[in-house]
file my_file.txt (compact mmCIF, C-alpha atoms and all ligand atoms)
# COMPACT_ATOMS: atom_id res chain seq x y z
CA MET A 53 119.50 182.98 80.56
CA GLN A 54 117.63 180.51 82.76
CA ASN A 55 115.41 177.70 81.47
CA LEU A 56 112.01 177.59 83.13
CA ASP A 57 110.91 174.24 84.49
CA GLU A 58 107.95 172.63 86.26
CA SER A 59 109.15 173.76 89.67
CA ILE A 60 107.75 177.25 88.99
CA LEU A 61 104.27 175.71 89.02
CA GLN A 62 104.52 174.31 92.55
CA LYS A 63 106.12 177.52 93.72
CA VAL A 64 103.06 179.52 92.70
CA ILE A 65 100.00 177.26 92.49
CA LYS A 66 99.08 176.29 96.05
CA ALA A 67 96.13 174.45 97.59
CA ARG A 68 93.38 176.94 98.42
CA PRO A 69 92.88 177.89 102.06
CA GLN A 70 89.46 176.65 103.22
CA GLU A 71 88.86 179.85 105.19
CA SER A 72 88.29 181.88 102.07
CA PHE A 73 85.74 183.35 99.67
CA LYS A 74 85.84 184.63 96.09
CA GLY A 75 87.43 187.90 97.23
CA THR A 76 90.41 185.94 98.56
CA PHE A 77 91.35 184.99 95.02
CA GLY A 78 91.51 188.39 93.42
CA LYS A 79 89.61 190.67 91.10
CA ILE A 80 90.51 191.17 87.48
CA VAL A 81 89.20 193.50 84.79
CA LEU A 82 89.99 192.71 81.17
CA VAL A 83 89.55 195.52 78.67
CA GLY A 84 89.34 194.82 74.95
CA GLY A 85 87.27 193.12 72.29
CA ASN A 86 85.90 195.63 69.79
CA GLU A 87 82.95 194.63 67.62
CA ASN A 88 85.23 192.60 65.30
CA PHE A 89 87.50 191.01 67.90
CA GLY A 90 85.02 189.95 70.58
CA GLY A 91 86.53 186.48 70.62
CA ALA A 92 89.84 187.86 71.88
CA ILE A 93 88.43 189.28 75.11
CA ILE A 94 86.17 186.26 75.62
CA MET A 95 89.21 183.96 75.35
CA ALA A 96 91.20 186.14 77.76
CA ALA A 97 88.31 186.27 80.23
CA THR A 98 87.84 182.50 79.89
CA ALA A 99 91.47 181.99 80.89
CA ALA A 100 90.94 184.25 83.91
CA VAL A 101 87.80 182.44 85.09
CA TYR A 102 89.23 178.95 84.61
CA GLY A 103 92.57 180.07 86.07
CA GLY A 104 90.68 180.64 89.31
CA THR A 105 90.55 184.41 89.80
CA GLY A 106 87.71 185.16 92.22
CA LEU A 107 85.93 187.87 90.26
CA VAL A 108 86.29 188.50 86.53
CA THR A 109 84.85 191.39 84.54
CA ALA A 110 85.21 191.88 80.80
CA ALA A 111 84.96 195.52 79.72
CA THR A 112 84.17 195.21 76.05
CA ASP A 113 81.98 196.38 73.18
CA PRO A 114 78.27 195.91 73.97
CA ALA A 115 78.05 193.78 70.80
CA ASN A 116 79.92 191.07 72.73
CA SER A 117 77.75 191.01 75.82
CA ALA A 118 75.41 188.18 74.75
CA ALA A 119 78.26 186.01 73.47
CA LEU A 120 80.23 186.59 76.64
CA HIS A 121 77.33 185.58 78.85
CA ALA A 122 76.52 182.58 76.69
CA GLN A 123 80.11 181.33 76.73
CA LEU A 124 81.12 182.39 80.19
CA PRO A 125 78.29 183.14 82.64
CA GLU A 126 80.81 183.40 85.48
CA ALA A 127 82.19 186.65 84.02
CA MET A 128 80.60 190.07 84.42
CA PHE A 129 80.19 192.49 81.53
CA ALA A 130 80.87 196.23 81.35
CA ASP A 131 80.53 198.56 78.36
CA PHE A 132 84.09 199.63 77.55
CA ASN A 133 82.78 202.99 76.29
CA ASP A 134 81.58 203.94 79.77
CA ASP A 135 84.71 205.68 81.09
CA GLN A 136 83.41 206.12 84.63
CA LEU A 137 82.17 202.56 85.00
CA VAL A 138 85.41 201.12 83.63
CA GLY A 139 87.34 203.50 85.90
CA ASP A 140 85.41 202.35 88.98
CA LEU A 141 86.02 198.70 88.10
CA ILE A 142 89.72 199.34 87.59
CA VAL A 143 90.06 201.13 90.92
CA ALA A 144 88.67 198.03 92.68
CA ALA A 145 90.78 195.49 90.74
CA ASP A 146 94.00 193.71 91.66
CA THR A 147 94.96 193.22 88.02
CA VAL A 148 93.95 194.93 84.79
CA VAL A 149 94.53 193.32 81.41
CA VAL A 150 94.22 195.67 78.46
CA GLY A 151 94.54 195.03 74.75
CA PRO A 152 93.22 191.67 73.54
CA GLY A 153 91.11 192.58 70.51
CA LEU A 154 90.98 196.25 71.53
CA GLY A 155 91.67 197.42 67.98
CA ASP A 156 93.71 200.41 66.94
CA ASN A 157 91.23 203.15 66.01
CA ALA A 158 90.35 206.40 67.83
CA GLN A 159 87.85 204.63 70.09
CA SER A 160 90.49 202.04 71.07
CA LEU A 161 92.97 204.81 71.89
CA HIS A 162 90.42 206.65 74.03
CA ILE A 163 89.67 203.46 75.98
CA LEU A 164 93.36 202.75 76.53
CA LYS A 165 94.01 206.29 77.81
CA ASN A 166 91.07 205.93 80.19
CA VAL A 167 92.55 202.70 81.58
CA PHE A 168 95.89 204.42 82.11
CA GLU A 169 94.15 207.23 84.04
CA TYR A 170 92.59 204.91 86.58
CA VAL A 171 95.29 202.31 87.30
CA HIS A 172 96.92 202.99 90.64
CA ASP A 173 99.73 202.03 92.99
CA GLY A 174 99.93 198.38 93.95
CA GLN A 175 98.12 197.01 90.92
CA THR A 176 99.34 194.78 88.12
CA LEU A 177 98.75 195.94 84.55
CA VAL A 178 99.07 193.44 81.71
CA ILE A 179 99.44 195.17 78.35
CA ASP A 180 98.80 192.94 75.33
CA GLY A 181 97.98 192.98 71.64
CA SER A 182 96.43 196.16 70.27
CA ALA A 183 97.34 198.11 73.42
CA ILE A 184 101.04 197.53 72.68
CA THR A 185 100.59 198.53 69.06
CA LEU A 186 98.74 201.69 70.10
CA MET A 187 101.33 202.66 72.72
CA ALA A 188 104.08 202.33 70.12
CA ARG A 189 102.23 204.19 67.38
CA GLU A 190 100.97 207.02 69.63
CA ASN A 191 104.14 207.16 71.71
CA LEU A 192 102.06 206.69 74.88
CA LYS A 193 104.00 206.41 78.12
CA GLN A 194 103.08 203.68 80.55
CA PRO A 195 101.32 204.98 83.69
CA ALA A 196 103.73 206.63 86.11
CA CYS A 197 102.31 205.17 89.33
CA GLN A 198 103.87 202.28 91.26
CA ILE A 199 102.35 199.41 89.35
CA SER A 200 103.77 196.19 88.08
CA VAL A 201 103.60 196.42 84.28
CA ILE A 202 103.79 193.28 82.15
CA TYR A 203 103.93 193.52 78.37
CA THR A 204 103.06 190.38 76.41
CA PRO A 205 104.13 191.21 72.83
CA HIS A 206 104.65 188.83 69.94
CA GLN A 207 107.75 189.58 67.89
CA MET A 208 106.10 192.18 65.66
CA GLU A 209 104.50 193.95 68.61
CA TRP A 210 107.91 193.95 70.31
CA GLN A 211 109.44 195.42 67.15
CA ARG A 212 106.85 198.21 67.27
CA LEU A 213 107.37 198.89 70.98
CA SER A 214 111.15 198.57 71.19
CA GLY A 215 112.16 199.59 67.68
CA ILE A 216 114.24 196.39 67.41
CA LYS A 217 113.62 194.57 64.12
CA ILE A 218 112.64 190.92 64.54
CA ALA A 219 115.94 189.75 63.01
CA ASP A 220 117.85 191.84 65.57
CA GLN A 221 115.89 190.72 68.65
CA SER A 222 118.86 189.14 70.42
CA VAL A 223 118.84 188.69 74.19
CA GLU A 224 121.36 191.52 74.58
CA ASN A 225 119.38 193.97 72.45
CA ASN A 226 116.12 193.02 74.13
CA GLN A 227 117.60 193.44 77.60
CA LYS A 228 118.74 196.97 76.80
CA ALA A 229 115.26 197.90 75.61
CA VAL A 230 113.54 196.26 78.60
CA GLN A 231 115.74 198.15 81.07
CA LYS A 232 114.44 201.43 79.65
CA LEU A 233 110.83 200.27 80.05
CA ASN A 234 110.68 199.54 83.79
CA ALA A 235 108.45 196.56 83.11
CA THR A 236 108.45 192.80 82.65
CA VAL A 237 108.34 191.68 79.02
CA VAL A 238 107.01 188.30 77.89
CA LEU A 239 108.35 188.07 74.33
CA LYS A 240 106.10 185.46 72.72
CA LYS A 241 107.47 183.16 70.07
CA HIS A 242 108.55 179.54 69.78
CA HIS A 243 110.40 179.27 73.10
CA THR A 244 109.13 182.49 74.60
CA GLU A 245 111.55 184.66 76.58
CA ILE A 246 110.69 186.58 79.74
CA TYR A 247 112.70 189.68 80.66
CA HIS A 248 112.58 191.08 84.20
CA ASP A 249 115.19 193.55 85.48
CA ASP A 250 118.50 191.89 84.55
CA GLN A 251 117.04 188.38 84.50
CA VAL A 252 116.07 186.44 81.38
CA PHE A 253 114.06 183.23 81.39
CA LYS A 254 113.41 180.91 78.47
CA LEU A 255 110.39 178.66 78.02
CA PRO A 256 111.74 175.33 76.77
CA ILE A 257 108.33 173.78 76.00
CA GLY A 258 105.43 174.57 73.65
CA SER A 259 104.93 173.73 69.98
CA ALA A 260 103.62 174.80 66.61
CA ALA A 261 100.27 173.25 67.59
CA GLN A 262 99.82 176.55 69.46
CA ALA A 263 100.19 178.71 66.36
CA VAL A 264 96.51 179.65 66.13
CA GLY A 265 94.67 182.94 66.66
CA GLY A 266 93.66 183.58 70.24
CA MET A 267 96.58 181.71 71.79
CA GLY A 268 98.15 184.96 73.03
CA ASP A 269 94.81 186.37 74.19
CA THR A 270 94.50 183.25 76.35
CA LEU A 271 98.02 183.74 77.72
CA ALA A 272 97.25 187.37 78.61
CA GLY A 273 94.19 186.17 80.56
CA MET A 274 96.27 183.54 82.36
CA VAL A 275 99.02 185.99 83.28
CA GLY A 276 96.37 188.36 84.59
CA SER A 277 94.60 185.58 86.45
CA PHE A 278 97.70 184.25 88.20
CA THR A 279 98.91 187.69 89.25
CA ALA A 280 95.50 188.55 90.74
CA GLU A 281 95.02 185.20 92.42
CA PHE A 282 98.51 184.33 93.70
CA LYS A 283 99.47 187.81 94.83
CA ASP A 284 103.23 188.17 94.79
CA ASP A 285 105.58 190.72 93.23
CA GLY A 286 104.27 189.55 89.89
CA LEU A 287 107.29 187.76 88.43
CA ASP A 288 106.72 184.21 89.69
CA ALA A 289 103.04 184.37 88.83
CA VAL A 290 103.95 185.52 85.32
CA LEU A 291 106.49 182.73 84.90
CA ALA A 292 104.02 180.14 86.18
CA ALA A 293 101.33 181.34 83.79
CA VAL A 294 103.68 181.21 80.80
CA TYR A 295 104.87 177.73 81.76
CA ALA A 296 101.38 176.36 82.50
CA HIS A 297 99.99 177.71 79.19
CA SER A 298 102.45 175.65 77.14
CA ALA A 299 102.58 172.66 79.51
CA VAL A 300 98.83 172.21 79.11
CA ALA A 301 99.10 172.81 75.35
CA ASP A 302 101.83 170.15 75.05
CA GLN A 303 99.66 167.60 76.79
CA ILE A 304 96.66 168.35 74.56
CA ALA A 305 98.96 168.26 71.50
CA GLU A 306 99.89 164.65 72.25
CA ASN A 307 96.54 163.77 70.67
CA GLN A 308 95.70 166.78 68.54
CA TYR A 309 97.27 168.39 65.48
CA ILE A 310 96.44 171.87 66.81
CA VAL A 311 95.41 173.13 70.22
CA LEU A 312 92.45 175.47 70.52
CA PRO A 313 93.09 178.31 72.98
CA HIS A 314 89.89 177.72 74.94
CA GLN A 315 90.89 174.07 75.44
CA ILE A 316 93.89 175.26 77.44
CA SER A 317 91.62 177.33 79.67
CA HIS A 318 89.15 174.50 80.13
CA ALA A 319 91.96 172.15 81.14
CA LEU A 320 93.35 174.53 83.78
CA PRO A 321 91.26 173.53 86.81
CA ALA A 322 92.33 169.88 86.50
CA PHE A 323 95.93 170.83 85.76
CA MET A 324 96.12 173.21 88.71
CA LYS A 325 94.56 170.64 91.03
CA LYS A 326 97.33 168.20 90.09
CA VAL A 327 100.01 170.81 90.66
CA ALA A 328 98.64 171.81 94.05
CA ALA A 329 98.31 168.19 95.14
CA GLN A 330 101.47 166.70 93.75
CA ASP A 331 104.82 165.74 95.07
CA SER A 332 107.41 168.00 93.46
CA LYS A 333 109.15 165.09 91.73
CA THR A 334 106.13 163.71 89.88
CA HIS A 335 105.43 164.68 86.30
CA ILE A 336 102.22 166.71 86.01
CA GLY A 337 100.03 164.69 83.68
CA PHE A 338 96.59 166.12 84.29
CA MET A 339 95.18 163.96 81.50
CA ASP A 340 96.66 160.74 82.91
N1 LIG A 401 89.30 185.93 67.68
C1 LIG A 401 89.75 187.17 67.84
O1 LIG A 401 89.01 188.10 68.15
C2 LIG A 401 91.20 187.42 67.64
C3 LIG A 401 91.66 188.72 67.85
N2 LIG A 401 92.98 189.01 67.79
C4 LIG A 401 93.37 190.40 68.14
O2 LIG A 401 93.68 191.05 66.96
C5 LIG A 401 94.47 192.20 67.24
C6 LIG A 401 95.61 192.28 66.25
O3 LIG A 401 96.59 191.31 66.59
P1 LIG A 401 97.43 190.46 65.52
O4 LIG A 401 98.58 189.86 66.25
O5 LIG A 401 96.51 189.56 64.77
O6 LIG A 401 97.93 191.53 64.45
P2 LIG A 401 99.23 192.44 64.40
O7 LIG A 401 99.12 193.30 63.19
O8 LIG A 401 99.50 193.14 65.68
O9 LIG A 401 100.42 191.40 64.18
C7 LIG A 401 100.44 190.53 63.09
C8 LIG A 401 101.59 190.92 62.17
O10 LIG A 401 102.81 190.62 62.83
C9 LIG A 401 103.59 189.72 62.06
N3 LIG A 401 104.36 188.85 62.96
C10 LIG A 401 105.70 188.70 62.95
N4 LIG A 401 106.12 187.88 63.90
C11 LIG A 401 105.01 187.46 64.54
C12 LIG A 401 104.80 186.57 65.63
N5 LIG A 401 105.79 185.93 66.24
N6 LIG A 401 103.53 186.38 66.04
C13 LIG A 401 102.51 187.01 65.46
N7 LIG A 401 102.64 187.87 64.42
C14 LIG A 401 103.89 188.09 63.96
C15 LIG A 401 102.57 188.99 61.20
O11 LIG A 401 103.15 188.50 60.02
C16 LIG A 401 101.58 190.11 60.89
O12 LIG A 401 102.05 190.95 59.84
C17 LIG A 401 94.95 192.04 68.70
O13 LIG A 401 94.23 192.91 69.53
C18 LIG A 401 94.60 190.61 69.01
O14 LIG A 401 94.34 190.46 70.39
C19 LIG A 401 93.99 188.00 67.51
O15 LIG A 401 94.35 187.52 68.77
C20 LIG A 401 93.41 186.85 66.69
C21 LIG A 401 92.11 186.31 67.27
N1 LIG A 402 105.42 177.72 66.82
C1 LIG A 402 105.10 177.99 68.09
N2 LIG A 402 105.69 177.32 69.11
C2 LIG A 402 105.37 177.59 70.37
N3 LIG A 402 104.47 178.53 70.76
C3 LIG A 402 103.86 179.23 69.79
C4 LIG A 402 104.14 179.00 68.41
N4 LIG A 402 103.38 179.87 67.68
C5 LIG A 402 102.67 180.61 68.56
N5 LIG A 402 102.95 180.23 69.83
C6 LIG A 402 102.43 180.83 71.06
O1 LIG A 402 101.09 181.26 70.84
C7 LIG A 402 100.88 182.58 71.37
C8 LIG A 402 100.59 183.54 70.21
O2 LIG A 402 100.36 184.83 70.71
P1 LIG A 402 99.75 185.97 69.77
O3 LIG A 402 100.48 186.04 68.49
O4 LIG A 402 99.63 187.19 70.60
O5 LIG A 402 98.28 185.35 69.49
P2 LIG A 402 96.84 186.04 69.40
O6 LIG A 402 97.02 187.53 69.43
O7 LIG A 402 96.26 185.54 68.12
O8 LIG A 402 96.07 185.57 70.58
C9 LIG A 402 102.15 182.91 72.14
O9 LIG A 402 102.05 182.49 73.48
C10 LIG A 402 103.21 182.10 71.41
O10 LIG A 402 104.33 181.81 72.20
MG MG A 403 98.21 188.72 70.52

call {"tool": "encode", "arguments": {"input": "my_file.txt", "output": "structure tokens", "more": "lines below"}}
Ligand SMILES: NC(=O)C1=CN([C@@H]2O[C@H](COP(=O)(O)OP(=O)(O)OC[C@H]3O[C@@H](n4cnc5c(N)ncnc54)[C@H](O)[C@@H]3O)[C@@H](O)[C@H]2O)[C@@H](O)CC1
Ligand SMILES: Nc1ncnc2c1ncn2[C@@H]1O[C@H](COP(=O)(O)OP(=O)(O)O)[C@@H](O)[C@H]1O
Ligand SMILES: [Mg+2]
result
Amino acid sequence: MQNLDESILQKVIKARPQESFKGTFGKIVLVGGNENFGGAIIMAATAAVYGGTGLVTAATDPANSAALHAQLPEAMFADFNDDQLVGDLIVAADTVVVGPGLGDNAQSLHILKNVFEYVHDGQTLVIDGSAITLMARENLKQPACQISVIYTPHQMEWQRLSGIKIADQSVENNQKAVQKLNATVVLKKHHTEIYHDDQVFKLPIGSAAQAVGGMGDTLAGMVGSFTAEFKDDGLDAVLAAVYAHSAVADQIAENQYIVLPHQISHALPAFMKKVAAQDSKTHIGFMD
């Protein structure tokens, strides 16, 4: 098992080429947020916008449209019940994030199946929250096409998906389950672990100040954002997103008892500027 460190940030987060436009920095569609969990998809979309993805669309319940626009005018809205519209958006996307606040009823399941129908070769699919729970409960297979799949479960979601009880989630047991999945797994907990093929990475930073609702929704948006924006095979962008999420949280937690998820997103542009500009040996203190 390898400890992640700051060097993953410089490896991924680069100064932007001046000869560019929004399309250069990727398109992401985030699907989730039922009428009770609108905040989840707004937090995920916020992370994607502030993470720097060029074009961000939230496909969500129409009840969330006004709140989304009020909070995040940079994001576009789509009704997640409109299968064709969501399908068209997915076809045009680099990365699709599905699950934050999606819920686990029949409507949620229908929406998830529709997403799986439209994802296609070459894309990245981030599967989070309710989407993981639904896949486990309904025994849904991940899409068969050549996509890079990233699951972001917390320990209970991983128990549901892998069948491994939380107490038995050792690195060895997790690796065996991941190898059957053909996907990257970000197992979220204190000191999150990332499983990719036969590699395992551990996040040595982060704190209990992050133990608040919406923290994982924000991470899913960041993982999606970095994969869309910094197009690579997916792994380094995932590692950088996981590291940046907690590095920013740790800096905010120097002065706060808890960290609000949206504060991490709002701090990202300054943090990323420092990373892109810095010498690799300097500590990244974006609040310095
Ligand atoms: N503001 C919002 O709209 C929010 C919406 N949320 C959404 O709510 C849906 C349900 O997700 P939840 O995770 O709340 O519910 P889940 O039922 O999926 O998981 C919570 C259960 O897992 C157990 N558990 C064990 N280990 C855990 C760990 N390490 N981390 C978290 N839980 C652990 C908890 O005790 C609890 O029984 C998701 O779609 C999620 O995205 C949540 O993110 C909370 C905020
Ligand atoms: N005690 C802790 N120490 C470090 N990180 C934590 C701690 N508690 C929660 N987190 C982080 O917060 C996030 C929680 O994700 P999740 O449970 O999916 O939240 P939600 O679904 O409410 O958005 C994960 O990234 C997890 O690693
Ligand atoms: Mg979650």

call {"tool": "residues_near_ligand", "arguments": {"input": "my_file.txt", "ligand": "ligand LIG 401 (chain A)", "cutoff": "8 Å", "atoms": "only C-alpha atoms and all ligand atoms", "output": "MDAnalysis selection string"}}
result
chainID A and resid 84:85 88:93 95 151:156 180:183 185 206:209 218 240:242 264:269

call {"tool": "closest_residue", "arguments": {"input": "my_file.txt", "among": "A:Leu213, A:Ala110, A:Ala299, A:Ile257", "to": "A:Leu239", "atoms": "all atoms listed in the file"}}
result
A:Leu213

call {"tool": "closest_residue", "arguments": {"input": "my_file.txt", "among": "A:Ala301, A:Leu312, A:Ala97, A:Val290", "to": "A:Lys63", "atoms": "all atoms listed in the file"}}
result
A:Val290

call {"tool": "atom_distance", "arguments": {"input": "my_file.txt", "atom1": "atom CA of A:Gln308", "atom2": "atom CA of A:Ala261"}}
result
8.0 Å

call {"tool": "atom_distance", "arguments": {"input": "my_file.txt", "atom1": "atom CA of A:Ser277", "atom2": "atom CA of A:Leu124"}}
result
15.2 Å

call {"tool": "residues_around", "arguments": {"input": "my_file.txt", "residues": "stretch 187-193 of chain A", "least_positions_apart": "6", "cutoff": "12 Å", "atoms": "all atoms listed in the file", "output": "PyMOL selection string"}}
result
chain A and resi 150-151+155-158+160-162+164-165+168-169+179-181+201+203+205+208-215+232-235

call {"tool": "closest_residue", "arguments": {"input": "my_file.txt", "among": "A:His243, A:Lys74, A:His172, A:Lys79", "to": "A:Lys283", "atoms": "all atoms listed in the file"}}
result
A:Lys79

call {"tool": "residues_around", "arguments": {"input": "my_file.txt", "residues": "A:Gly286", "least_positions_apart": "4", "cutoff": "9 Å", "atoms": "all atoms listed in the file", "output": "tab-separated table (two decimals) with C-alpha atoms, keeping the file's coordinate frame"}}
result
chain	number	residue	atom	x	y	z
A	176	THR	CA	99.34	194.78	88.12
A	200	SER	CA	103.77	196.19	88.08
A	201	VAL	CA	103.60	196.42	84.28
A	202	ILE	CA	103.79	193.28	82.15
A	236	THR	CA	108.45	192.80	82.65
A	278	PHE	CA	97.70	184.25	88.20
A	279	THR	CA	98.91	187.69	89.25
A	280	ALA	CA	95.50	188.55	90.74
A	282	PHE	CA	98.51	184.33	93.70
A	290	VAL	CA	103.95	185.52	85.32
A	291	LEU	CA	106.49	182.73	84.90

call {"tool": "closest_residue", "arguments": {"input": "my_file.txt", "among": "A:Pro313, A:Pro69, A:Gly276, A:Pro321", "to": "A:Thr109", "atoms": "only C-alpha atoms"}}
result
A:Gly276

call {"tool": "residues_around", "arguments": {"input": "my_file.txt", "residues": "A:Phe253", "least_positions_apart": "5", "cutoff": "7 Å", "atoms": "all atoms listed in the file", "output": "PDB file with C-alpha atoms, in the coordinates of the input"}}
result
ATOM      1  CA  MET A  53     119.500 182.980  80.560  1.00  0.00           C
ATOM      2  CA  GLN A  54     117.630 180.510  82.760  1.00  0.00           C
ATOM      3  CA  ASN A  55     115.410 177.700  81.470  1.00  0.00           C
ATOM      4  CA  LEU A  56     112.010 177.590  83.130  1.00  0.00           C
ATOM      5  CA  GLU A 245     111.550 184.660  76.580  1.00  0.00           C
ATOM      6  CA  ILE A 246     110.690 186.580  79.740  1.00  0.00           C
ATOM      7  CA  TYR A 247     112.700 189.680  80.660  1.00  0.00           C
TER       8      TYR A 247
END

call {"tool": "atom_distance", "arguments": {"input": "my_file.txt", "atom1": "atom C2 of ligand LIG 402 (chain A)", "atom2": "atom CA of A:Thr112"}}
result
28.1 Å

call {"tool": "build_atoms", "arguments": {"input": "my_file.txt", "residues": "stretch 274-293 of chain A", "atoms": "N, CA and C atoms", "output": "compact mmCIF listing (two decimals), keeping the file's coordinate frame"}}
result
# COMPACT_ATOMS: atom_id res chain seq x y z
N MET A 274 95.63 184.37 81.32
CA MET A 274 96.27 183.54 82.36
C MET A 274 97.26 184.34 83.19
N VAL A 275 98.05 185.16 82.54
CA VAL A 275 99.02 185.99 83.28
C VAL A 275 98.25 186.91 84.24
N GLY A 276 97.19 187.50 83.73
CA GLY A 276 96.37 188.36 84.59
C GLY A 276 95.78 187.57 85.75
N SER A 277 95.25 186.41 85.44
CA SER A 277 94.60 185.58 86.45
C SER A 277 95.57 185.20 87.56
N PHE A 278 96.74 184.71 87.18
CA PHE A 278 97.70 184.25 88.20
C PHE A 278 98.22 185.42 89.04
N THR A 279 98.42 186.57 88.44
CA THR A 279 98.91 187.69 89.25
C THR A 279 97.85 188.15 90.25
N ALA A 280 96.58 188.12 89.84
CA ALA A 280 95.50 188.55 90.74
C ALA A 280 95.28 187.54 91.86
N GLU A 281 95.39 186.27 91.50
CA GLU A 281 95.02 185.20 92.42
C GLU A 281 96.14 184.85 93.40
N PHE A 282 97.36 184.78 92.88
CA PHE A 282 98.51 184.33 93.70
C PHE A 282 99.39 185.54 94.00
N LYS A 283 98.83 186.51 94.67
CA LYS A 283 99.47 187.81 94.83
C LYS A 283 100.94 187.68 95.27
N ASP A 284 101.82 188.07 94.40
CA ASP A 284 103.23 188.17 94.79
C ASP A 284 103.77 189.39 94.05
N ASP A 285 105.08 189.52 93.89
CA ASP A 285 105.58 190.72 93.23
C ASP A 285 105.28 190.68 91.73
N GLY A 286 104.66 189.60 91.30
CA GLY A 286 104.27 189.55 89.89
C GLY A 286 105.13 188.61 89.08
N LEU A 287 106.42 188.53 89.34
CA LEU A 287 107.29 187.76 88.43
C LEU A 287 106.98 186.27 88.46
N ASP A 288 106.94 185.66 89.64
CA ASP A 288 106.72 184.21 89.69
C ASP A 288 105.37 183.84 89.11
N ALA A 289 104.37 184.65 89.38
CA ALA A 289 103.04 184.37 88.83
C ALA A 289 103.07 184.44 87.31
N VAL A 290 103.83 185.39 86.78
CA VAL A 290 103.95 185.52 85.32
C VAL A 290 104.64 184.28 84.75
N LEU A 291 105.74 183.89 85.38
CA LEU A 291 106.49 182.73 84.90
C LEU A 291 105.63 181.47 84.96
N ALA A 292 104.88 181.33 86.03
CA ALA A 292 104.02 180.14 86.18
C ALA A 292 102.93 180.13 85.11
N ALA A 293 102.39 181.28 84.82
CA ALA A 293 101.33 181.34 83.79
C ALA A 293 101.89 180.97 82.42
